[in-house]
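Here's the structure we're looking at; comments come further down.
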Amino acid sequence: MKPDITIATSAAVQRALDRYAQQPGALLPVLHAIHDELGHIPADGVPLIAAALNLSRAEVHGVVSYYPHFRSEPPGRHIVQVCRAEACQACGAEALLAQAERVLGCARHHTRADGAVTLESVYCLGLCASSPAMRVDERVHARLTPERLEQLLAALEIGP
């Protein structure tokens with residue numbers, strides 16, 4: 001283990017590699033396993049993943065940075081995701097996302113400085129018939145209105 005890698009990162013990477021490294025196309029399953037465990041893909045884990053899968057660090061980093069699902073930094077204590085797929089956009093999702101930015105004091109695809117919340121835009125939460133939609137942590141909410149969005153975000157009790 002390199003001294004600059006955390007024990008948690010090393011252990012999560014090793015568990016993912018033990019489970020998936022022998023599969024064809026192992027990179028995505030490995031990345032998903034690490035992301036599911038840690039909430040992000042730590043930069044210090046990229047060289048381990050690359051070496052184990054006989055890839056360059058650039059290849060691994062390219063996949064991590066290409067897919068919006070993968071974070072390279074730890075998320076906030078709460079994760080707020082506003083759907084921006086076509087059905088939600090047609091029902092006002094852009095205005096709701098802008099409202100969430102104002103209410104939370106956090107730009108999309110960023111974590112607020114106090115670590116309380118990460119705001120993300122996502123493409124399809126599977127609630128197209130009930131647009132617009134968002135997810136707060138693991139719970140989805142449909143048919144959002146500006147008032148309902150305010151209520152849901154206020155319930156997080158995270159303060160500005």
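By convention in this document, the chains of the structure tokens carry letters A, B, ... by their order, each chain's residues are numbered from 1, and ligands are numbered from 1 in the order they are shown.
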
Open item on the list: Please extract the residues of region 40-127 of chain A with a backbone DSSP assignment of helix (DSSP H, G or I) and present them as a PyMOL selection string.
Closed with: chain A and resi 43-53+57-66+86-90+93-104

TODO: Give the strand (DSSP E or B) residues of region 11-154 of chain A, as DSSP finds them on the backbone, and put them as a PyMOL selection string.
DONE: chain A and resi 78-83+110-111+117-122+134-136+139-141

Keeping only C-alpha atoms, write those residues as a short mmCIF file (atom, residue, chain, number, x, y, z; two decimals), in the first residue's frame.
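That gives us out.cif:
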```
data_model
loop_
_atom_site.label_atom_id
_atom_site.label_comp_id
_atom_site.auth_asym_id
_atom_site.auth_seq_id
_atom_site.Cartn_x
_atom_site.Cartn_y
_atom_site.Cartn_z
CA HIS A 78 -27.60 14.92 2.08
CA ILE A 79 -27.77 14.48 -1.68
CA VAL A 80 -30.41 16.40 -3.60
CA GLN A 81 -30.89 15.40 -7.23
CA VAL A 82 -33.19 17.31 -9.57
CA CYS A 83 -34.20 15.50 -12.75
CA HIS A 110 -21.12 20.95 -5.97
CA THR A 111 -21.14 20.26 -2.28
CA VAL A 117 -25.61 18.98 1.03
CA THR A 118 -24.59 18.07 -2.49
CA LEU A 119 -26.82 19.33 -5.31
CA GLU A 120 -26.86 17.39 -8.57
CA SER A 121 -28.79 17.44 -11.79
CA VAL A 122 -29.61 13.97 -13.09
CA MET A 134 -36.29 14.99 -7.61
CA ARG A 135 -34.59 12.66 -5.16
CA VAL A 136 -33.57 13.66 -1.67
CA ARG A 139 -36.40 9.08 -1.50
CA VAL A 140 -37.95 10.25 -4.77
CA HIS A 141 -40.57 12.99 -5.02
#
```

TODO: Tell me which protein, DNA and RNA residues are within 12 Å of Arg57 (chain A), counting only C-alpha atoms, leaving out same-chain ones fewer than 2 positions away, and put them as JSON, numbers by chain.
DONE: {"A": [27, 43, 44, 45, 46, 47, 48, 49, 50, 51, 52, 53, 54, 55, 59, 60, 61, 62, 63, 64, 65]}

Keeping only C-alpha atoms, take the residues you just selected and write them out as an mmCIF file, in the first residue's frame.
```cif
data_model
loop_
_atom_site.group_PDB
_atom_site.id
_atom_site.type_symbol
_atom_site.label_atom_id
_atom_site.label_comp_id
_atom_site.auth_asym_id
_atom_site.auth_seq_id
_atom_site.Cartn_x
_atom_site.Cartn_y
_atom_site.Cartn_z
ATOM 1 C CA LEU A 27 -13.700 -1.336 -14.916
ATOM 2 C CA ALA A 43 -8.278 10.002 -6.713
ATOM 3 C CA ASP A 44 -5.792 8.023 -4.637
ATOM 4 C CA GLY A 45 -7.561 4.807 -5.668
ATOM 5 C CA VAL A 46 -7.232 5.422 -9.407
ATOM 6 C CA PRO A 47 -3.599 4.190 -9.665
ATOM 7 C CA LEU A 48 -4.508 0.960 -7.825
ATOM 8 C CA ILE A 49 -7.464 0.325 -10.116
ATOM 9 C CA ALA A 50 -5.394 1.092 -13.221
ATOM 10 C CA ALA A 51 -2.543 -1.207 -12.204
ATOM 11 C CA ALA A 52 -4.845 -4.089 -11.282
ATOM 12 C CA LEU A 53 -6.805 -3.869 -14.544
ATOM 13 C CA ASN A 54 -3.775 -3.166 -16.761
ATOM 14 C CA LEU A 55 -5.100 0.241 -17.754
ATOM 15 C CA GLU A 59 -8.174 5.644 -18.907
ATOM 16 C CA VAL A 60 -9.604 5.128 -15.431
ATOM 17 C CA HIS A 61 -9.849 8.858 -14.778
ATOM 18 C CA GLY A 62 -11.498 9.322 -18.183
ATOM 19 C CA VAL A 63 -14.263 6.882 -17.293
ATOM 20 C CA VAL A 64 -14.766 8.410 -13.831
ATOM 21 C CA SER A 65 -14.990 11.918 -15.254
#
```

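Among the candidates A:Thr145, A:Leu125, A:Gln151, A:Leu28, the residue lying nearest to Tyr66 (chain A) is A:Leu28 (atoms considered: only C-alpha atoms).
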
Open item on the list: Give me, as number ranges by chain, all polymer residues having an atom no more than 12 Å from Thr9 (chain A), counting only C-alpha atoms and skipping those fewer than 5 positions away in the same chain.
Closed with: A: 1-4, 14-16, 33-35, 37-49, 74

Would you export the selected residues with N, CA and C atoms as a PDB file, in the first residue's frame, please?
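What follows is the written file selection36.pdb:
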```pdb
ATOM      1  N   MET A   1       0.844  -1.181   0.000  1.00  0.00           N
ATOM      2  CA  MET A   1       0.000   0.000   0.000  1.00  0.00           C
ATOM      3  C   MET A   1       0.883   1.237   0.000  1.00  0.00           C
ATOM      4  N   LYS A   2       0.562   2.186  -0.847  1.00  0.00           N
ATOM      5  CA  LYS A   2       1.303   3.441  -0.889  1.00  0.00           C
ATOM      6  C   LYS A   2       0.934   4.278   0.333  1.00  0.00           C
ATOM      7  N   PRO A   3       1.883   5.043   0.868  1.00  0.00           N
ATOM      8  CA  PRO A   3       1.594   5.829   2.065  1.00  0.00           C
ATOM      9  C   PRO A   3       0.568   6.930   1.856  1.00  0.00           C
ATOM     10  N   ASP A   4       0.363   7.398   0.620  1.00  0.00           N
ATOM     11  CA  ASP A   4      -0.568   8.492   0.384  1.00  0.00           C
ATOM     12  C   ASP A   4      -2.009   8.033   0.169  1.00  0.00           C
ATOM     13  N   GLN A  14      -9.633  -2.814  -2.997  1.00  0.00           N
ATOM     14  CA  GLN A  14      -9.266  -4.229  -2.994  1.00  0.00           C
ATOM     15  C   GLN A  14     -10.497  -5.128  -3.001  1.00  0.00           C
ATOM     16  N   ARG A  15     -11.520  -4.788  -2.234  1.00  0.00           N
ATOM     17  CA  ARG A  15     -12.757  -5.588  -2.235  1.00  0.00           C
ATOM     18  C   ARG A  15     -13.399  -5.596  -3.624  1.00  0.00           C
ATOM     19  N   ALA A  16     -13.433  -4.426  -4.264  1.00  0.00           N
ATOM     20  CA  ALA A  16     -14.022  -4.339  -5.607  1.00  0.00           C
ATOM     21  C   ALA A  16     -13.206  -5.150  -6.609  1.00  0.00           C
ATOM     22  N   ALA A  33     -18.783  -0.529  -7.568  1.00  0.00           N
ATOM     23  CA  ALA A  33     -18.636  -1.104  -6.226  1.00  0.00           C
ATOM     24  C   ALA A  33     -17.952  -0.125  -5.281  1.00  0.00           C
ATOM     25  N   ILE A  34     -16.905   0.531  -5.751  1.00  0.00           N
ATOM     26  CA  ILE A  34     -16.196   1.508  -4.917  1.00  0.00           C
ATOM     27  C   ILE A  34     -17.102   2.697  -4.615  1.00  0.00           C
ATOM     28  N   HIS A  35     -17.783   3.181  -5.644  1.00  0.00           N
ATOM     29  CA  HIS A  35     -18.677   4.331  -5.473  1.00  0.00           C
ATOM     30  C   HIS A  35     -19.805   3.995  -4.510  1.00  0.00           C
ATOM     31  N   GLU A  37     -19.732   1.906  -2.072  1.00  0.00           N
ATOM     32  CA  GLU A  37     -19.197   1.781  -0.715  1.00  0.00           C
ATOM     33  C   GLU A  37     -18.750   3.112  -0.124  1.00  0.00           C
ATOM     34  N   LEU A  38     -18.052   3.924  -0.899  1.00  0.00           N
ATOM     35  CA  LEU A  38     -17.462   5.152  -0.374  1.00  0.00           C
ATOM     36  C   LEU A  38     -18.251   6.420  -0.702  1.00  0.00           C
ATOM     37  N   GLY A  39     -19.150   6.332  -1.689  1.00  0.00           N
ATOM     38  CA  GLY A  39     -19.894   7.513  -2.114  1.00  0.00           C
ATOM     39  C   GLY A  39     -19.178   8.332  -3.163  1.00  0.00           C
ATOM     40  N   HIS A  40     -17.968   7.914  -3.516  1.00  0.00           N
ATOM     41  CA  HIS A  40     -17.185   8.594  -4.549  1.00  0.00           C
ATOM     42  C   HIS A  40     -16.024   7.686  -4.943  1.00  0.00           C
ATOM     43  N   ILE A  41     -15.315   8.086  -6.003  1.00  0.00           N
ATOM     44  CA  ILE A  41     -14.109   7.371  -6.434  1.00  0.00           C
ATOM     45  C   ILE A  41     -12.925   8.246  -6.038  1.00  0.00           C
ATOM     46  N   PRO A  42     -12.241   7.905  -4.962  1.00  0.00           N
ATOM     47  CA  PRO A  42     -11.115   8.732  -4.523  1.00  0.00           C
ATOM     48  C   PRO A  42      -9.981   8.728  -5.549  1.00  0.00           C
ATOM     49  N   ALA A  43      -9.383   9.885  -5.754  1.00  0.00           N
ATOM     50  CA  ALA A  43      -8.278  10.002  -6.713  1.00  0.00           C
ATOM     51  C   ALA A  43      -7.120   9.088  -6.338  1.00  0.00           C
ATOM     52  N   ASP A  44      -6.910   8.873  -5.042  1.00  0.00           N
ATOM     53  CA  ASP A  44      -5.792   8.023  -4.637  1.00  0.00           C
ATOM     54  C   ASP A  44      -6.036   6.543  -4.928  1.00  0.00           C
ATOM     55  N   GLY A  45      -7.266   6.189  -5.290  1.00  0.00           N
ATOM     56  CA  GLY A  45      -7.561   4.807  -5.668  1.00  0.00           C
ATOM     57  C   GLY A  45      -7.369   4.533  -7.147  1.00  0.00           C
ATOM     58  N   VAL A  46      -7.343   5.583  -7.951  1.00  0.00           N
ATOM     59  CA  VAL A  46      -7.232   5.422  -9.407  1.00  0.00           C
ATOM     60  C   VAL A  46      -5.973   4.659  -9.812  1.00  0.00           C
ATOM     61  N   PRO A  47      -4.788   4.957  -9.262  1.00  0.00           N
ATOM     62  CA  PRO A  47      -3.599   4.190  -9.665  1.00  0.00           C
ATOM     63  C   PRO A  47      -3.707   2.697  -9.323  1.00  0.00           C
ATOM     64  N   LEU A  48      -4.328   2.377  -8.193  1.00  0.00           N
ATOM     65  CA  LEU A  48      -4.508   0.960  -7.825  1.00  0.00           C
ATOM     66  C   LEU A  48      -5.422   0.243  -8.818  1.00  0.00           C
ATOM     67  N   ILE A  49      -6.506   0.904  -9.164  1.00  0.00           N
ATOM     68  CA  ILE A  49      -7.464   0.325 -10.116  1.00  0.00           C
ATOM     69  C   ILE A  49      -6.778   0.130 -11.460  1.00  0.00           C
ATOM     70  N   PRO A  74     -16.036  13.326  -1.941  1.00  0.00           N
ATOM     71  CA  PRO A  74     -17.111  12.829  -1.078  1.00  0.00           C
ATOM     72  C   PRO A  74     -18.344  13.728  -1.162  1.00  0.00           C
TER      73      PRO A  74
END
```

Open item on the list: If we count only C-alpha atoms and set the cut-off at 8 Å, which residues sit around Cys91 (chain A), ignoring sequence neighbours fewer than 2 positions away in its own chain? Please answer as a PyMOL selection string.
Closed with: chain A and resi 87-89+93+131-132
